[in-house]
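S.K.: Before I ask anything, let me first share the structure, which is written out below as structure tokens.
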Amino acid sequence: MVRIEKSELSVISKAKELNLEFNRKTQIFPISEGVDFLGFRFYLTGTGKVIRRLRTSNKRRWKRRLKKYKEEYRIGKRSSEEIRRSIASYNGHLSHGHTWKLRKKVMGSFVLTHAPKESTVNKDINS
């Protein structure tokens with residue numbers, strides 16, 4: 001038998017008052033478990049504060065993308081200006097969540113370098 005909590009019944013009755021219907025996929029669960037929305041996971045603390053953390057899959061994707069940017073810059077496939085614009089855009093998205101430590105950690109180790117140029121010593125040996 002389906003167990004329906006008192007709080008769930010109040011949500012259902014309020015929805016009916018507003019002429020809203022739930023489909024069979026609808027789930028009602030405590031916000032303390034977190035809600036996934038717009039690339040963030042929203043949590044409610046015991047004090048009532050809402051915490052917005054970046055979704056784990058987005059963290060991984062961001063780190064992979066930065067690694068790819070390093071390589072593309074090194075071989076000359078992407079300019080520093082393109083990378084700067086992309087990072088600025090992503091930082092704009094991250095600024096909406098509690099991500100200061102994440103940004104500091106990831107961007108603190110992000111350095112762009114070009115591929116080492118072929119030295120003239122190697123050219124003389126190979127000729």
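Chain lettering (A, B, ...) mirrors the order of the structure tokens, residue numbering begins at 1 for each chain separately, and ligand numbering begins at 1 in order of display.
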I'd like to know which residues of chain A are strand (DSSP E) (by DSSP, run on the backbone); could you write them as a count of residues only?

M.R.: 13

S.K.: From the set A:His93, A:Lys16, A:Lys67, A:Lys77, which residue has the shortest atom-to-atom contact distance to Phe110 of chain A, counting only C-alpha atoms?

M.R.: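 Once distances to Phe110 of chain A are computed over only C-alpha atoms, the minimum belongs to A:Lys67.
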
S.K.: Residues near segment 7-12 of chain A, anyone? I mean within 12 Å using only C-alpha atoms, not counting same-chain ones fewer than 5 positions away, as a PDB file with C-alpha atoms, in the first residue's frame.

M.R.:
ATOM      1  CA  VAL A   2       1.195   3.523  -0.785  1.00  0.00           C
ATOM      2  CA  GLU A  17      -7.303  24.200  -5.017  1.00  0.00           C
ATOM      3  CA  LEU A  18      -5.135  25.750  -7.750  1.00  0.00           C
ATOM      4  CA  ASN A  19      -6.578  23.402 -10.406  1.00  0.00           C
ATOM      5  CA  LEU A  20      -3.238  21.639 -10.843  1.00  0.00           C
ATOM      6  CA  GLU A  21      -2.860  17.947 -11.495  1.00  0.00           C
ATOM      7  CA  PHE A  22       0.081  15.638 -10.853  1.00  0.00           C
ATOM      8  CA  ASN A  23       1.044  13.057 -13.430  1.00  0.00           C
ATOM      9  CA  THR A  26       5.407  13.210  -9.879  1.00  0.00           C
ATOM     10  CA  GLN A  27       7.445  12.663  -6.753  1.00  0.00           C
ATOM     11  CA  ILE A  28       7.138  14.547  -3.504  1.00  0.00           C
ATOM     12  CA  PHE A  29      10.214  14.454  -1.292  1.00  0.00           C
ATOM     13  CA  PRO A  30      11.897  16.672   1.309  1.00  0.00           C
TER      14      PRO A  30
END

S.K.: So how many Å separate atom CA of Ser32 of chain A and atom CA of Ser57 of chain A, to one decimal?

M.R.: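 Atom CA of Ser32 of chain A sits 20.0 Å away from atom CA of Ser57 of chain A.
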
S.K.: For each of A:Arg65, A:Gly108, A:Ile31, A:Lys6, take the minimum atom-to-atom distance to Gly48 of chain A, counting only C-alpha atoms, then give the residue where this is smallest.

M.R.: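 The shortest atom-to-atom distance to Gly48 of chain A comes from A:Ile31.
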
S.K.: Write out as a VMD selection string the set of residues from segment 23-71 of chain A that DSSP, computed on the backbone, places in alpha helix (DSSP H).

M.R.: chain A and resid 56 to 71

S.K.: Export N, CA and C atoms of the chosen residues as a PDB file, in the first residue's frame?

M.R.:
ATOM      1  N   THR A  56      27.389  17.656  -9.871  1.00  0.00           N
ATOM      2  CA  THR A  56      28.649  16.909 -10.017  1.00  0.00           C
ATOM      3  C   THR A  56      29.008  16.699 -11.488  1.00  0.00           C
ATOM      4  N   SER A  57      28.029  16.365 -12.307  1.00  0.00           N
ATOM      5  CA  SER A  57      28.320  16.134 -13.726  1.00  0.00           C
ATOM      6  C   SER A  57      28.827  17.418 -14.389  1.00  0.00           C
ATOM      7  N   ASN A  58      28.330  18.568 -13.954  1.00  0.00           N
ATOM      8  CA  ASN A  58      28.793  19.841 -14.513  1.00  0.00           C
ATOM      9  C   ASN A  58      30.218  20.157 -14.070  1.00  0.00           C
ATOM     10  N   LYS A  59      30.560  19.779 -12.823  1.00  0.00           N
ATOM     11  CA  LYS A  59      31.942  19.970 -12.355  1.00  0.00           C
ATOM     12  C   LYS A  59      32.899  19.178 -13.230  1.00  0.00           C
ATOM     13  N   ARG A  60      32.573  17.921 -13.477  1.00  0.00           N
ATOM     14  CA  ARG A  60      33.435  17.067 -14.298  1.00  0.00           C
ATOM     15  C   ARG A  60      33.580  17.625 -15.708  1.00  0.00           C
ATOM     16  N   ARG A  61      32.461  18.046 -16.282  1.00  0.00           N
ATOM     17  CA  ARG A  61      32.473  18.578 -17.646  1.00  0.00           C
ATOM     18  C   ARG A  61      33.337  19.834 -17.718  1.00  0.00           C
ATOM     19  N   TRP A  62      33.218  20.705 -16.710  1.00  0.00           N
ATOM     20  CA  TRP A  62      33.991  21.947 -16.681  1.00  0.00           C
ATOM     21  C   TRP A  62      35.484  21.644 -16.599  1.00  0.00           C
ATOM     22  N   LYS A  63      35.874  20.704 -15.744  1.00  0.00           N
ATOM     23  CA  LYS A  63      37.285  20.345 -15.604  1.00  0.00           C
ATOM     24  C   LYS A  63      37.829  19.733 -16.892  1.00  0.00           C
ATOM     25  N   ARG A  64      37.025  18.872 -17.541  1.00  0.00           N
ATOM     26  CA  ARG A  64      37.460  18.275 -18.818  1.00  0.00           C
ATOM     27  C   ARG A  64      37.619  19.357 -19.887  1.00  0.00           C
ATOM     28  N   ARG A  65      36.690  20.306 -19.901  1.00  0.00           N
ATOM     29  CA  ARG A  65      36.753  21.369 -20.898  1.00  0.00           C
ATOM     30  C   ARG A  65      37.990  22.234 -20.696  1.00  0.00           C
ATOM     31  N   LEU A  66      38.328  22.557 -19.461  1.00  0.00           N
ATOM     32  CA  LEU A  66      39.529  23.350 -19.201  1.00  0.00           C
ATOM     33  C   LEU A  66      40.787  22.602 -19.631  1.00  0.00           C
ATOM     34  N   LYS A  67      40.806  21.304 -19.383  1.00  0.00           N
ATOM     35  CA  LYS A  67      41.945  20.484 -19.810  1.00  0.00           C
ATOM     36  C   LYS A  67      42.063  20.506 -21.338  1.00  0.00           C
ATOM     37  N   LYS A  68      40.926  20.419 -22.015  1.00  0.00           N
ATOM     38  CA  LYS A  68      40.901  20.455 -23.477  1.00  0.00           C
ATOM     39  C   LYS A  68      41.386  21.817 -23.978  1.00  0.00           C
ATOM     40  N   TYR A  69      40.953  22.903 -23.301  1.00  0.00           N
ATOM     41  CA  TYR A  69      41.397  24.243 -23.684  1.00  0.00           C
ATOM     42  C   TYR A  69      42.911  24.382 -23.562  1.00  0.00           C
ATOM     43  N   LYS A  70      43.490  23.830 -22.509  1.00  0.00           N
ATOM     44  CA  LYS A  70      44.950  23.892 -22.333  1.00  0.00           C
ATOM     45  C   LYS A  70      45.653  23.257 -23.528  1.00  0.00           C
ATOM     46  N   GLU A  71      45.181  22.080 -23.918  1.00  0.00           N
ATOM     47  CA  GLU A  71      45.802  21.364 -25.033  1.00  0.00           C
ATOM     48  C   GLU A  71      45.598  22.106 -26.347  1.00  0.00           C
TER      49      GLU A  71
END

S.K.: Could you give me, as a PyMOL selection string, the residues within 10 Å of Ile83 of chain A, counting only C-alpha atoms and dropping anything in the same chain fewer than 3 positions from it?

M.R.: chain A and resi 66+69-70+72-73+78-80+86-89+112

S.K.: Show which residues sit within 10 Å of Leu54 of chain A, as a PDB file with N, CA and C atoms, in the first residue's frame. Count only C-alpha atoms, and ignore same-chain residues fewer than 6 positions away.

M.R.:
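Everything below was put into around-v6.pdb:
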ATOM      1  N   ASP A  36      17.442  19.145  -8.129  1.00  0.00           N
ATOM      2  CA  ASP A  36      18.295  19.390  -9.277  1.00  0.00           C
ATOM      3  C   ASP A  36      17.594  20.375 -10.210  1.00  0.00           C
ATOM      4  N   PHE A  37      18.229  21.550 -10.455  1.00  0.00           N
ATOM      5  CA  PHE A  37      17.593  22.576 -11.288  1.00  0.00           C
ATOM      6  C   PHE A  37      18.651  23.507 -11.862  1.00  0.00           C
ATOM      7  N   LEU A  38      18.614  23.739 -13.160  1.00  0.00           N
ATOM      8  CA  LEU A  38      19.486  24.683 -13.862  1.00  0.00           C
ATOM      9  C   LEU A  38      20.978  24.449 -13.625  1.00  0.00           C
ATOM     10  N   GLY A  39      21.381  23.204 -13.573  1.00  0.00           N
ATOM     11  CA  GLY A  39      22.791  22.885 -13.418  1.00  0.00           C
ATOM     12  C   GLY A  39      23.292  22.930 -11.993  1.00  0.00           C
ATOM     13  N   PHE A  40      22.397  23.185 -11.049  1.00  0.00           N
ATOM     14  CA  PHE A  40      22.761  23.234  -9.639  1.00  0.00           C
ATOM     15  C   PHE A  40      21.924  22.235  -8.864  1.00  0.00           C
ATOM     16  N   ARG A  41      22.418  21.895  -7.691  1.00  0.00           N
ATOM     17  CA  ARG A  41      21.671  21.073  -6.750  1.00  0.00           C
ATOM     18  C   ARG A  41      21.328  21.995  -5.583  1.00  0.00           C
ATOM     19  N   PHE A  42      20.037  22.209  -5.319  1.00  0.00           N
ATOM     20  CA  PHE A  42      19.573  23.095  -4.261  1.00  0.00           C
ATOM     21  C   PHE A  42      19.268  22.283  -3.017  1.00  0.00           C
ATOM     22  N   HIS A  93      27.894  31.819 -14.833  1.00  0.00           N
ATOM     23  CA  HIS A  93      26.958  30.776 -14.391  1.00  0.00           C
ATOM     24  C   HIS A  93      27.298  30.329 -12.972  1.00  0.00           C
ATOM     25  N   LEU A  94      28.578  30.104 -12.708  1.00  0.00           N
ATOM     26  CA  LEU A  94      29.000  29.633 -11.385  1.00  0.00           C
ATOM     27  C   LEU A  94      28.726  30.660 -10.298  1.00  0.00           C
ATOM     28  N   HIS A  96      26.207  32.176  -9.597  1.00  0.00           N
ATOM     29  CA  HIS A  96      24.849  32.056  -9.043  1.00  0.00           C
ATOM     30  C   HIS A  96      24.753  30.988  -7.962  1.00  0.00           C
ATOM     31  N   GLY A  97      25.833  30.268  -7.730  1.00  0.00           N
ATOM     32  CA  GLY A  97      25.825  29.205  -6.725  1.00  0.00           C
ATOM     33  C   GLY A  97      26.901  29.417  -5.688  1.00  0.00           C
ATOM     34  N   HIS A  98      26.985  28.507  -4.757  1.00  0.00           N
ATOM     35  CA  HIS A  98      28.013  28.526  -3.726  1.00  0.00           C
ATOM     36  C   HIS A  98      29.239  27.791  -4.283  1.00  0.00           C
ATOM     37  N   THR A  99      30.017  28.493  -5.103  1.00  0.00           N
ATOM     38  CA  THR A  99      31.103  27.845  -5.846  1.00  0.00           C
ATOM     39  C   THR A  99      32.443  28.544  -5.684  1.00  0.00           C
ATOM     40  N   LEU A 102      35.356  26.127  -5.228  1.00  0.00           N
ATOM     41  CA  LEU A 102      35.552  25.350  -6.456  1.00  0.00           C
ATOM     42  C   LEU A 102      36.279  26.184  -7.499  1.00  0.00           C
TER      43      LEU A 102
END

S.K.: What is the distance between atom CA of Val106 of chain A and atom CA of Arg74 of chain A, in Å to one decimal?

M.R.: 18.6 Å
